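Chemist: Contents of coords39.cif (mmCIF, C-alpha atoms):
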data_protein
#
loop_
_atom_site.label_atom_id
_atom_site.label_comp_id
_atom_site.auth_asym_id
_atom_site.auth_seq_id
_atom_site.Cartn_x
_atom_site.Cartn_y
_atom_site.Cartn_z
CA MET A 1 22.06 -13.76 11.07
CA ASN A 2 19.20 -15.91 9.82
CA MET A 3 15.78 -14.52 9.22
CA GLY A 4 12.59 -16.46 9.79
CA LYS A 5 11.04 -17.74 6.59
CA ASN A 6 7.67 -16.12 7.23
CA ASN A 7 9.25 -12.78 8.10
CA HIS A 8 11.48 -13.04 5.04
CA THR A 9 8.45 -13.60 2.79
CA LEU A 10 6.50 -10.74 4.36
CA ILE A 11 9.38 -8.33 3.80
CA ILE A 12 9.57 -9.25 0.10
CA LEU A 13 5.78 -9.00 -0.14
CA SER A 14 5.83 -5.49 1.35
CA GLY A 15 8.30 -4.36 -1.33
CA PHE A 16 6.24 -6.14 -3.99
CA LEU A 17 3.01 -4.41 -2.93
CA ALA A 18 4.70 -1.02 -2.62
CA LEU A 19 5.77 -1.29 -6.27
CA VAL A 20 2.28 -2.47 -7.28
CA VAL A 21 0.85 0.70 -5.73
CA ALA A 22 3.41 3.31 -6.79
CA MET A 23 4.63 1.91 -10.11
CA GLY A 24 2.22 -0.66 -11.53
CA ILE A 25 -0.87 1.41 -10.67
CA GLY A 26 0.18 4.93 -9.66
CA ARG A 27 2.57 5.36 -12.54
CA PHE A 28 1.40 3.05 -15.33
CA VAL A 29 -2.40 3.03 -15.07
CA TYR A 30 -2.23 6.21 -17.18
CA THR A 31 -1.46 4.03 -20.22
CA PRO A 32 -4.64 1.89 -20.36
CA LEU A 33 -6.79 4.86 -19.32
CA LEU A 34 -5.25 7.25 -21.86
CA PRO A 35 -7.47 6.33 -24.87
CA GLU A 36 -10.64 6.83 -22.82
CA MET A 37 -9.33 10.12 -21.42
CA GLN A 38 -8.48 11.37 -24.91
CA GLU A 39 -11.92 10.43 -26.16
CA GLN A 40 -13.66 12.07 -23.23
CA PHE A 41 -11.59 15.28 -23.05
CA HIS A 42 -10.48 15.56 -26.69
CA PHE A 43 -6.72 16.10 -26.41
CA ASN A 44 -4.10 14.92 -28.89
CA ASP A 45 -1.00 12.71 -28.60
CA GLU A 46 1.30 15.70 -28.09
CA ILE A 47 -0.60 16.76 -24.95
CA ALA A 48 -0.70 13.12 -23.81
CA GLY A 49 3.08 13.03 -24.20
CA VAL A 50 3.49 16.23 -22.19
CA ILE A 51 1.39 14.83 -19.32
CA ALA A 52 3.47 11.65 -19.37
CA SER A 53 6.77 13.55 -19.50
CA VAL A 54 5.81 15.72 -16.53
CA ASN A 55 5.30 12.53 -14.53
CA TYR A 56 8.79 11.41 -15.47
CA LEU A 57 10.17 14.87 -14.63
CA GLY A 58 8.79 14.34 -11.14
CA TYR A 59 10.39 10.89 -11.13
CA LEU A 60 13.74 12.42 -12.08
CA LEU A 61 13.53 15.03 -9.34
CA GLY A 62 12.55 12.34 -6.87
CA ALA A 63 15.60 10.29 -7.88
CA LEU A 64 17.86 13.31 -7.37
CA LEU A 65 16.38 13.91 -3.91
CA CYS A 66 17.13 10.29 -3.02
CA PHE A 67 20.85 10.60 -3.85
CA LYS A 68 21.78 11.52 -0.29
CA THR A 69 22.05 8.98 2.51
CA MET A 70 19.14 9.26 4.96
CA THR A 71 18.82 8.41 8.62
CA PRO A 72 16.38 5.57 9.41
CA LYS A 73 13.90 8.11 10.84
CA ILE A 74 13.96 10.25 7.68
CA LYS A 75 13.83 7.16 5.48
CA LEU A 76 10.74 5.87 7.30
CA LEU A 77 9.03 9.25 7.00
CA ALA A 78 9.95 9.48 3.30
CA ILE A 79 8.66 6.02 2.32
CA ARG A 80 5.38 6.53 4.15
CA MET A 81 4.89 9.98 2.67
CA ALA A 82 5.69 8.64 -0.81
CA LEU A 83 3.13 5.83 -0.46
CA VAL A 84 0.40 8.22 0.69
CA LEU A 85 1.21 10.70 -2.08
CA SER A 86 1.10 7.94 -4.67
CA VAL A 87 -2.41 6.84 -3.69
CA SER A 88 -3.62 10.42 -3.21
CA THR A 89 -2.47 11.58 -6.63
CA THR A 90 -4.09 8.54 -8.26
CA ALA A 91 -7.36 9.55 -6.62
CA PHE A 92 -6.96 13.24 -7.51
CA MET A 93 -6.65 12.33 -11.20
CA GLY A 94 -10.28 11.25 -10.94
CA PHE A 95 -11.40 14.64 -9.66
CA ALA A 96 -9.36 16.81 -12.04
CA THR A 97 -10.74 17.65 -15.48
CA THR A 98 -8.15 20.00 -17.01
CA VAL A 99 -4.73 19.46 -18.54
CA ASN A 100 -3.07 21.91 -16.15
CA CYS A 101 -4.39 20.03 -13.13
CA TRP A 102 -3.29 16.69 -14.57
CA ILE A 103 0.20 18.08 -15.16
CA ILE A 104 0.55 19.12 -11.51
CA ILE A 105 -0.88 15.87 -10.18
CA ARG A 106 1.25 13.64 -12.42
CA PHE A 107 4.37 15.60 -11.48
CA ILE A 108 3.74 14.91 -7.78
CA SER A 109 2.91 11.30 -8.62
CA GLY A 110 6.32 11.00 -10.30
CA LEU A 111 8.03 12.29 -7.16
CA ALA A 112 6.17 9.72 -5.09
CA SER A 113 6.92 6.77 -7.38
CA ALA A 114 10.66 7.56 -7.35
CA GLY A 115 10.62 7.72 -3.57
CA VAL A 116 8.88 4.37 -3.24
CA PHE A 117 11.10 2.72 -5.87
CA ILE A 118 14.49 3.93 -4.55
CA ILE A 119 13.88 4.15 -0.80
CA GLY A 120 11.68 1.06 -0.76
CA SER A 121 14.30 -0.93 -2.64
CA SER A 122 16.94 0.26 -0.19
CA ILE A 123 14.88 -0.78 2.84
CA ILE A 124 14.09 -4.25 1.49
CA MET A 125 17.63 -4.94 0.29
CA ASP A 126 19.09 -3.81 3.61
CA LYS A 127 16.76 -6.08 5.55
CA LEU A 128 17.32 -9.12 3.36
CA SER A 129 21.09 -8.63 3.31
CA ARG A 130 21.09 -10.12 6.80
CA SER A 131 19.58 -13.39 5.56
CA ASP A 132 21.09 -16.33 3.71
CA ASN A 133 18.86 -15.59 0.70
CA SER A 134 19.59 -11.90 0.12
CA HIS A 135 19.32 -12.42 -3.63
CA ASP A 136 15.57 -12.96 -3.19
CA SER A 137 15.16 -9.19 -2.94
CA ILE A 138 15.02 -9.03 -6.74
CA LEU A 139 11.61 -10.72 -6.59
CA MET A 140 10.01 -7.53 -5.28
CA TYR A 141 10.45 -5.94 -8.74
CA SER A 142 7.82 -8.34 -10.05
CA GLY A 143 5.35 -6.00 -8.34
CA VAL A 144 5.69 -3.51 -11.20
CA GLY A 145 4.65 -6.07 -13.80
CA PHE A 146 1.89 -7.45 -11.61
CA GLY A 147 0.46 -3.96 -11.18
CA ILE A 148 0.59 -3.36 -14.93
CA ALA A 149 -1.21 -6.65 -15.60
CA PHE A 150 -3.82 -5.78 -12.99
CA THR A 151 -4.54 -2.41 -14.61
CA GLY A 152 -4.68 -4.10 -18.02
CA ILE A 153 -7.33 -6.54 -16.80
CA MET A 154 -9.36 -4.16 -14.67
CA SER A 155 -9.29 -0.98 -16.78
CA PRO A 156 -11.53 -2.19 -19.64
CA VAL A 157 -13.89 -3.82 -17.14
CA LEU A 158 -14.22 -0.67 -15.05
CA ILE A 159 -14.47 1.63 -18.07
CA SER A 160 -17.36 -0.43 -19.39
CA PHE A 161 -19.32 0.67 -16.28
CA PHE A 162 -17.68 3.94 -15.25
CA SER A 163 -15.90 6.94 -16.75
CA ALA A 164 -12.11 7.18 -16.87
CA GLN A 165 -12.26 9.65 -13.98
CA THR A 166 -14.20 7.29 -11.73
CA THR A 167 -11.83 4.47 -12.67
CA TRP A 168 -8.88 6.50 -11.37
CA ILE A 169 -10.64 6.83 -8.02
CA ILE A 170 -11.47 3.11 -7.86
CA PHE A 171 -7.84 2.19 -8.44
CA ALA A 172 -6.83 4.54 -5.62
CA LEU A 173 -9.30 2.87 -3.24
CA ILE A 174 -7.88 -0.53 -4.16
CA CYS A 175 -4.41 0.73 -3.17
CA VAL A 176 -5.41 1.88 0.33
CA PRO A 177 -5.26 -1.53 2.10
CA LEU A 178 -2.03 -2.34 0.26
CA ILE A 179 -0.18 0.69 1.61
CA LEU A 180 -1.41 -0.10 5.13
CA PHE A 181 0.39 -3.44 4.85
CA CYS A 182 3.54 -1.69 3.62
CA TRP A 183 3.22 0.96 6.34
CA VAL A 184 3.65 -1.70 9.01
CA LEU A 185 6.40 -3.82 7.43
CA MET A 186 8.65 -1.35 5.56
CA ILE A 187 10.68 -0.23 8.58
CA PRO A 188 14.33 0.77 7.93
CA LEU A 189 17.10 -0.90 9.90
CA PRO A 190 18.76 1.17 12.66
CA LEU A 191 22.18 2.62 11.81
CA LYS A 192 23.90 0.35 14.35
CA VAL A 193 23.00 -2.73 12.31
CA ARG A 194 25.87 -3.63 10.02
CA ILE A 195 24.81 -4.40 6.47
CA LYS A 196 26.89 -7.00 4.74
CA SER A 197 27.55 -6.85 1.02
CA ASN A 198 25.13 -8.68 -1.27
CA PHE A 199 28.02 -9.60 -3.56
CA LYS A 200 30.16 -12.62 -2.88
CA ASP A 201 32.98 -11.35 -5.03
CA LYS A 202 33.48 -7.63 -5.44
CA PRO A 203 34.46 -6.54 -8.93
CA LYS A 204 37.89 -5.18 -9.66
CA LEU A 205 38.40 -1.42 -9.48
CA ASP A 206 38.73 -1.03 -13.24
CA ASP A 207 35.29 -2.61 -13.70
CA SER A 208 33.85 0.84 -12.95
CA ARG A 209 35.00 1.92 -16.42
CA LEU A 210 31.85 0.31 -17.74
CA LEU A 211 29.56 2.59 -15.73
CA PRO A 212 29.35 5.39 -18.38
CA TRP A 213 28.38 2.82 -21.02
CA LEU A 214 25.82 1.27 -18.70
CA ALA A 215 24.40 4.73 -17.95
CA ALA A 216 24.19 5.60 -21.67
CA ALA A 217 22.41 2.32 -22.44
CA TYR A 218 20.06 2.83 -19.49
CA PHE A 219 19.22 6.28 -20.86
CA CYS A 220 18.31 4.66 -24.19
CA GLU A 221 16.14 2.15 -22.37
CA GLY A 222 14.33 4.93 -20.49
CA PHE A 223 13.83 6.92 -23.69
CA GLY A 224 12.80 4.00 -25.88
CA TYR A 225 10.70 1.78 -23.66
CA ILE A 226 8.57 4.62 -22.31
CA ILE A 227 7.43 5.61 -25.81
CA SER A 228 5.95 2.17 -26.31
CA GLY A 229 4.85 2.02 -22.66
CA THR A 230 2.91 5.26 -23.07
CA PHE A 231 1.35 4.82 -26.50
CA ILE A 232 1.02 1.06 -27.07
CA VAL A 233 -2.63 0.93 -25.93
CA SER A 234 -3.57 3.94 -28.09
CA PHE A 235 -1.69 2.41 -31.03
CA LEU A 236 -3.58 -0.88 -30.77
CA LYS A 237 -6.98 0.59 -29.98
CA ASP A 238 -8.17 0.62 -33.59
CA GLN A 239 -6.83 -2.85 -34.44
CA ALA A 240 -9.49 -5.46 -35.09
CA GLY A 241 -10.17 -8.35 -32.76
CA PHE A 242 -9.86 -9.05 -29.05
CA PHE A 243 -6.26 -10.28 -29.25
CA SER A 244 -5.24 -7.04 -30.95
CA SER A 245 -6.83 -4.83 -28.32
CA GLY A 246 -4.66 -2.48 -26.31
CA PRO A 247 -5.82 -3.65 -22.85
CA PHE A 248 -5.18 -7.29 -23.76
CA ALA A 249 -1.66 -6.48 -24.95
CA TRP A 250 -1.05 -4.35 -21.85
CA THR A 251 -2.08 -7.28 -19.64
CA ILE A 252 0.36 -9.58 -21.45
CA ILE A 253 3.09 -6.97 -21.01
CA GLY A 254 2.43 -6.81 -17.27
CA LEU A 255 2.30 -10.58 -16.74
CA THR A 256 5.50 -11.23 -18.70
CA ALA A 257 7.24 -8.33 -16.91
CA SER A 258 6.32 -9.87 -13.58
CA MET A 259 7.50 -13.35 -14.57
CA SER A 260 10.70 -12.15 -16.24
CA ILE A 261 12.48 -11.07 -13.05
CA PRO A 262 13.40 -14.54 -11.71
CA ILE A 263 14.23 -15.69 -15.26
CA PHE A 264 16.68 -12.82 -15.78
CA PHE A 265 18.23 -13.50 -12.41
CA GLN A 266 18.87 -17.14 -13.28
CA LEU A 267 20.29 -16.21 -16.69
CA SER A 268 22.65 -13.65 -15.15
CA LYS A 269 24.12 -16.36 -12.90
CA ARG A 270 24.96 -18.55 -15.88
CA ILE A 271 25.80 -16.01 -18.59
CA HIS A 272 27.85 -12.80 -18.46
CA ILE A 273 25.47 -10.18 -17.07
CA ILE A 274 26.43 -7.67 -19.78
CA LYS A 275 25.64 -10.19 -22.50
CA VAL A 276 22.22 -10.80 -20.94
CA LEU A 277 21.54 -7.05 -20.99
CA ILE A 278 22.71 -6.68 -24.60
CA VAL A 279 20.46 -9.49 -25.81
CA ALA A 280 17.56 -8.09 -23.77
CA HIS A 281 17.92 -4.68 -25.49
CA PHE A 282 17.83 -6.32 -28.92
CA ILE A 283 14.85 -8.52 -28.02
CA GLN A 284 12.92 -5.56 -26.64
CA GLY A 285 13.60 -3.49 -29.78
CA ILE A 286 12.21 -6.32 -31.91
CA GLY A 287 9.19 -6.68 -29.62
CA ILE A 288 8.35 -2.98 -29.94
CA VAL A 289 8.40 -2.98 -33.74
CA ILE A 290 6.60 -6.31 -34.40
CA PRO A 291 3.07 -4.84 -33.94
CA VAL A 292 4.04 -2.07 -36.38
CA LEU A 293 5.02 -4.59 -39.04
CA SER A 294 1.91 -6.74 -38.63
CA SER A 295 -1.47 -6.24 -36.95
CA HIS A 296 -2.14 -9.99 -36.82
CA TRP A 297 -3.16 -11.10 -33.33
CA LEU A 298 -0.15 -13.43 -33.12
CA SER A 299 2.19 -10.53 -33.89
CA ILE A 300 0.50 -8.41 -31.23
CA CYS A 301 0.92 -11.14 -28.63
CA CYS A 302 4.56 -11.85 -29.59
CA GLY A 303 5.41 -8.16 -29.48
CA ALA A 304 3.79 -7.76 -26.06
CA ILE A 305 5.63 -10.80 -24.69
CA LEU A 306 9.03 -9.65 -25.97
CA PHE A 307 8.53 -6.10 -24.73
CA GLY A 308 7.03 -7.01 -21.36
CA GLY A 309 9.49 -9.84 -20.83
CA THR A 310 12.51 -7.54 -21.03
CA PHE A 311 11.86 -4.03 -19.70
CA MET A 312 11.75 -4.89 -15.99
CA GLY A 313 14.56 -7.42 -16.40
CA ILE A 314 16.73 -4.70 -17.93
CA THR A 315 15.91 -2.40 -15.02
CA ALA A 316 16.65 -4.98 -12.33
CA LEU A 317 19.92 -6.16 -13.90
CA SER A 318 21.13 -2.65 -14.74
CA LEU A 319 20.67 -1.51 -11.14
CA SER A 320 22.25 -4.69 -9.82
CA LEU A 321 25.23 -4.27 -12.13
CA GLY A 322 25.56 -0.64 -11.11
CA LYS A 323 25.73 -1.71 -7.46
CA ALA A 324 28.35 -4.32 -8.36
CA LEU A 325 30.48 -1.74 -10.18
CA LYS A 326 30.34 0.63 -7.21
CA PRO A 327 29.75 -1.67 -4.21
CA ASP A 328 30.62 0.99 -1.65
CA GLN A 329 28.36 3.60 -3.26
CA GLY A 330 25.24 1.54 -3.82
CA GLN A 331 22.67 4.20 -2.95
CA TRP A 332 24.48 6.81 -5.04
CA VAL A 333 24.81 4.65 -8.14
CA ILE A 334 21.15 3.54 -8.00
CA GLY A 335 20.12 7.19 -7.71
CA PHE A 336 22.45 8.15 -10.55
CA LEU A 337 21.19 5.44 -12.91
CA THR A 338 17.57 6.18 -11.99
CA ALA A 339 18.15 9.87 -12.76
CA VAL A 340 19.70 9.07 -16.15
CA TYR A 341 16.78 6.76 -16.86
CA GLY A 342 14.43 9.54 -15.79
CA VAL A 343 15.94 11.99 -18.28
CA GLY A 344 15.29 9.47 -21.04
CA GLN A 345 11.69 9.04 -19.88
CA ILE A 346 11.13 12.78 -19.98
CA LEU A 347 12.49 13.20 -23.50
CA GLY A 348 10.86 10.05 -24.92
CA PRO A 349 7.17 11.02 -24.65
CA LEU A 350 7.92 14.65 -25.58
CA VAL A 351 9.77 13.76 -28.77
CA SER A 352 7.37 10.97 -29.72
CA GLY A 353 4.29 13.08 -29.00
CA MET A 354 5.55 15.88 -31.24
CA LEU A 355 6.54 13.38 -33.94
CA SER A 356 3.14 11.71 -33.81
CA ASN A 357 1.31 15.04 -33.95
CA LYS A 358 3.46 16.27 -36.85
CA THR A 359 3.23 13.13 -38.97
CA GLY A 360 -0.29 12.20 -37.95
CA ASN A 361 0.88 8.61 -37.52
CA ILE A 362 1.97 6.97 -34.25
CA VAL A 363 3.81 4.26 -36.22
CA TYR A 364 6.89 6.46 -36.53
CA THR A 365 7.09 6.86 -32.77
CA MET A 366 7.10 3.09 -32.29
CA ILE A 367 9.89 2.72 -34.86
CA LEU A 368 11.89 5.44 -33.08
CA SER A 369 11.37 3.62 -29.78
CA SER A 370 12.72 0.38 -31.27
CA ILE A 371 15.79 2.05 -32.78
CA VAL A 372 16.77 3.80 -29.54
CA VAL A 373 16.39 0.66 -27.40
CA ILE A 374 18.50 -1.38 -29.83
CA GLY A 375 21.01 1.47 -29.77
CA GLY A 376 21.38 0.85 -26.04
CA GLY A 377 22.39 -2.71 -26.81
CA PHE A 378 25.07 -1.48 -29.21
CA LEU A 379 26.37 0.94 -26.56
CA LEU A 380 26.78 -1.90 -24.07
CA THR A 381 28.54 -3.93 -26.76
CA ALA A 382 30.90 -1.04 -27.43
CA GLY A 383 31.61 -0.67 -23.73
CA LEU A 384 32.30 -4.38 -23.41
CA VAL A 385 34.77 -4.29 -26.28
CA LEU A 386 36.46 -0.91 -25.80
CA LYS A 387 36.87 -1.19 -22.06
CA LYS A 388 37.91 -4.83 -22.34
CA TYR A 389 35.41 -5.82 -19.74
CA ALA A 390 36.01 -9.55 -20.00
CA ASN A 391 35.67 -10.92 -16.47
CA PRO A 392 32.12 -11.98 -15.53
CA ILE A 393 30.81 -10.68 -12.24
CA GLN A 394 30.07 -13.71 -10.14
CA ARG A 395 27.65 -12.47 -7.58
CA SER A 396 24.56 -13.20 -5.62
CA LEU A 397 21.87 -10.55 -5.73
#
As a first step, turn the structure in this file into structure tokens.
Modeler:
Amino acid sequence: MNMGKNNHTLIILSGFLALVVAMGIGRFVYTPLLPEMQEQFHFNDEIAGVIASVNYLGYLLGALLCFKTMTPKIKLLAIRMALVLSVSTTAFMGFATTVNCWIIIRFISGLASAGVFIIGSSIIMDKLSRSDNSHDSILMYSGVGFGIAFTGIMSPVLISFFSAQTTWIIFALICVPLILFCWVLMIPLPLKVRIKSNFKDKPKLDDSRLLPWLAAAYFCEGFGYIISGTFIVSFLKDQAGFFSSGPFAWTIIGLTASMSIPIFFQLSKRIHIIKVLIVAHFIQGIGIVIPVLSSHWLSICCGAILFGGTFMGITALSLSLGKALKPDQGQWVIGFLTAVYGVGQILGPLVSGMLSNKTGNIVYTMILSSIVVIGGGFLLTAGLVLKKYANPIQRSL
């Protein structure tokens, strides 16, 4: 069944905008606003880490709730509720002024972002699986990076005129028309519609032996990347010069994350997907530690490009590989990997916040982040060797 080009584009755009709202803004705007919030409300990195971890705890719970197959009616209700909750919690952050309130709000926000990410991805992939270009569904993940870049550009501008609290509310208002667009277009397929596989060649049964190694590496990615993703703006705040500023680096991270998705997809068609993931882990680890080694503006930019250019690519390819390893349990394996990733995201900010508070230096947290992410690359390498996973997965996303 062929899908009209315009309809095809609108479906991808709805997934893109949903991720801009729930992930790029709802989840990650906390990072560029964190320094201003700490200055205004006088809380340390350990508390900042706790607030971040609670958000990821909500994300983990949301992933667990999405394990089970849903009817189209329940799926439609869930995606709409998740979108509304995401925007609402972003707005409520602007009205709350205590740590306890922020903890509750960010927990609910985490639930909402998981719902949008998992259920939204499922809806878009199901719809596009009926077209001749089902692999285009990966383009929706660029919405995360675009949202991050948008917050990086707009946050310093808005903060120069308003408080951090007012800025939260403004971002929520920006999201309102976006979710209305998604509300109309993100409609699940009825159960009677048969969904064909997105993979031209299904992997052999013993390919699933790699799943534990993939899960372990994805845990490392969740643990490691979120440390840098949470504290990079605070770390760079005191560096001299515009190019060393946190918001500028955060914008670069978002733009490169958005542009990296189609690049990773093309690489995975030409090179063994596991090898692409391994190299991406190593590159990201280097990107995280470069700003620690040098505060020169060129080092800041290079670090931001390497970090931003890999973290969404790793996510997209890891989930795609998971679906390829378990083609008949796609929803389950995406939920499982997202939950493992969520555990890493909970532990990352907690451990790094305590380490930063104890040592009085955020540098050690960035080094820890780099080591753990690179460790994920070594785990994938070990899985590739020990499980003798030698046959490339030739597939179309």
Chemist: How many Å lie between atom CA of Val84 of chain A and atom CA of Phe181 of chain A, rounded to one decimal?
Modeler: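 Atom-to-atom, atom CA of Val84 of chain A and atom CA of Phe181 of chain A are spaced 12.4 Å apart.
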Chemist: Measuring atom to atom with all atoms listed in the file, identify which of A:Ser86, A:Gln284, A:Asn55, A:Thr251 is nearest to Ala149 of chain A.
Modeler: A:Thr251
Chemist: Neighbours of segment 78-82 of chain A within 10 Å (only C-alpha atoms; same-chain residues fewer than 6 positions away dropped), as a list in words?
Modeler: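 In the requested format, the answer is Ala18, Ala22, Gly62, Cys66, Met70, Pro72, Ser88, Ile108, Ser109, Gly110, Leu111, Ala112, Ser113, Ala114, Gly115, Val116, Phe117, Ile118, Ile119, Gly120, Ile123, Ile179, Leu180, Cys182, Trp183, Val184, Met186, Ile187 and Pro188 of chain A.
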Chemist: Please enumerate the residues selected by the PyMOL selection byres ((chain A and resi 175) around 12) when evaluated against the supplied file, formatted as an NGL selection string.
Modeler: :A and (17-26 or 83-91 or 147 or 150-151 or 168-174 or 176-182)
Chemist: Could you give me, as a list in words, the residues that have an atom at most 9 Å away from the point (7.8, -4.1, -35.1) in the coordinates of the file, using only C-alpha atoms?
Modeler: Gly285, Ile286, Gly287, Ile288, Val289, Ile290, Pro291, Val292, Leu293, Ser294, Ser299, Gly303, Met366, Ile367 and Ser370 of chain A
Chemist: State, in Å with one decimal place, the distance from atom CA of Tyr341 of chain A to atom CA of Phe107 of chain A.
Modeler: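 Answer for the atom CA of Tyr341 of chain A to atom CA of Phe107 of chain A separation: 16.2 Å.
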Chemist: Since I can't run it myself right now, could you work out what the PyMOL selection byres ((chain A and resi 227) around 12) selects here and report it as a PyMOL selection string?
Modeler: chain A and resi 31+45+48-50+52-53+56+220-226+228-235+285+288-289+307+344-356+362-373
Chemist: Choose the residue, out of A:Thr359, A:Thr315, A:Ser258, A:Thr338, that has the smallest atom-to-atom separation from Ala63 of chain A; count all atoms listed in the file.
Modeler: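 Among the listed residues, A:Thr338 lies closest to Ala63 of chain A.
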Chemist: Could you work out how far atom CA of Lys323 of chain A lies from atom CA of Lys75 of chain A, giving the answer in Å with one decimal?
Modeler: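 If I compute the distance from atom CA of Lys75 of chain A to atom CA of Lys323 of chain A, I get 19.7 Å.
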Chemist: Report as a list of chain:residue names all protein, DNA and RNA residues lying within 12 Å of Ile263 of chain A, evaluated on all atoms listed in the file, omitting residues in the same chain fewer than 4 positions from it.
Modeler: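 Listing them by chain and then by number gives A:Ile138, A:Leu139, A:Ser142, A:Thr256, A:Ala257, A:Ser258, A:Met259, A:Leu267, A:Ser268, A:Lys269, A:Arg270, A:Val276, A:Ala280, A:Gly309, A:Thr310, A:Met312, A:Gly313, A:Ile314, A:Ala316, A:Leu317.
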Chemist: Looking at A:Phe336, A:Phe264, A:Trp213, A:Phe248, which one is nearest to Leu380 of chain A, with distances taken over all atoms listed in the file?
Modeler: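 When distances to Leu380 of chain A are compared using all atoms listed in the file, the smallest one comes from A:Trp213.
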Chemist: For a quick check of understanding, using all atoms listed in the file, which of A:Leu298, A:Ala339, A:Ala96, A:Ile274 has the smallest distance to Gly377 of chain A?
Modeler: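 Closest to Gly377 of chain A, using all atoms listed in the file: A:Ile274.
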Chemist: Counting only C-alpha atoms, note down every residue that has an atom within 7 Å of the point (23.6, 0.0, -16.0) (file coordinates), as a short mmCIF file (atom, residue, chain, number, x, y, z; two decimals) with C-alpha atoms, in the coordinates of the input.
Modeler:
data_model
loop_
_atom_site.label_atom_id
_atom_site.label_comp_id
_atom_site.auth_asym_id
_atom_site.auth_seq_id
_atom_site.Cartn_x
_atom_site.Cartn_y
_atom_site.Cartn_z
CA LEU A 211 29.56 2.59 -15.73
CA LEU A 214 25.82 1.27 -18.70
CA ALA A 215 24.40 4.73 -17.95
CA ALA A 217 22.41 2.32 -22.44
CA TYR A 218 20.06 2.83 -19.49
CA SER A 318 21.13 -2.65 -14.74
CA LEU A 319 20.67 -1.51 -11.14
CA LEU A 321 25.23 -4.27 -12.13
CA GLY A 322 25.56 -0.64 -11.11
CA LEU A 337 21.19 5.44 -12.91
#
Chemist: Which one of A:Asn44, A:Thr69, A:Ile74, A:Gly376 sits closest to Lys358 of chain A if you count only C-alpha atoms?
Modeler: A:Asn44
Chemist: Between A:Ser163, A:Thr98, A:Leu185, A:Leu158, which is the closest to Leu10 of chain A once you count only C-alpha atoms?
Modeler: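 Using only C-alpha atoms, Leu10 of chain A sits closest to A:Leu185.
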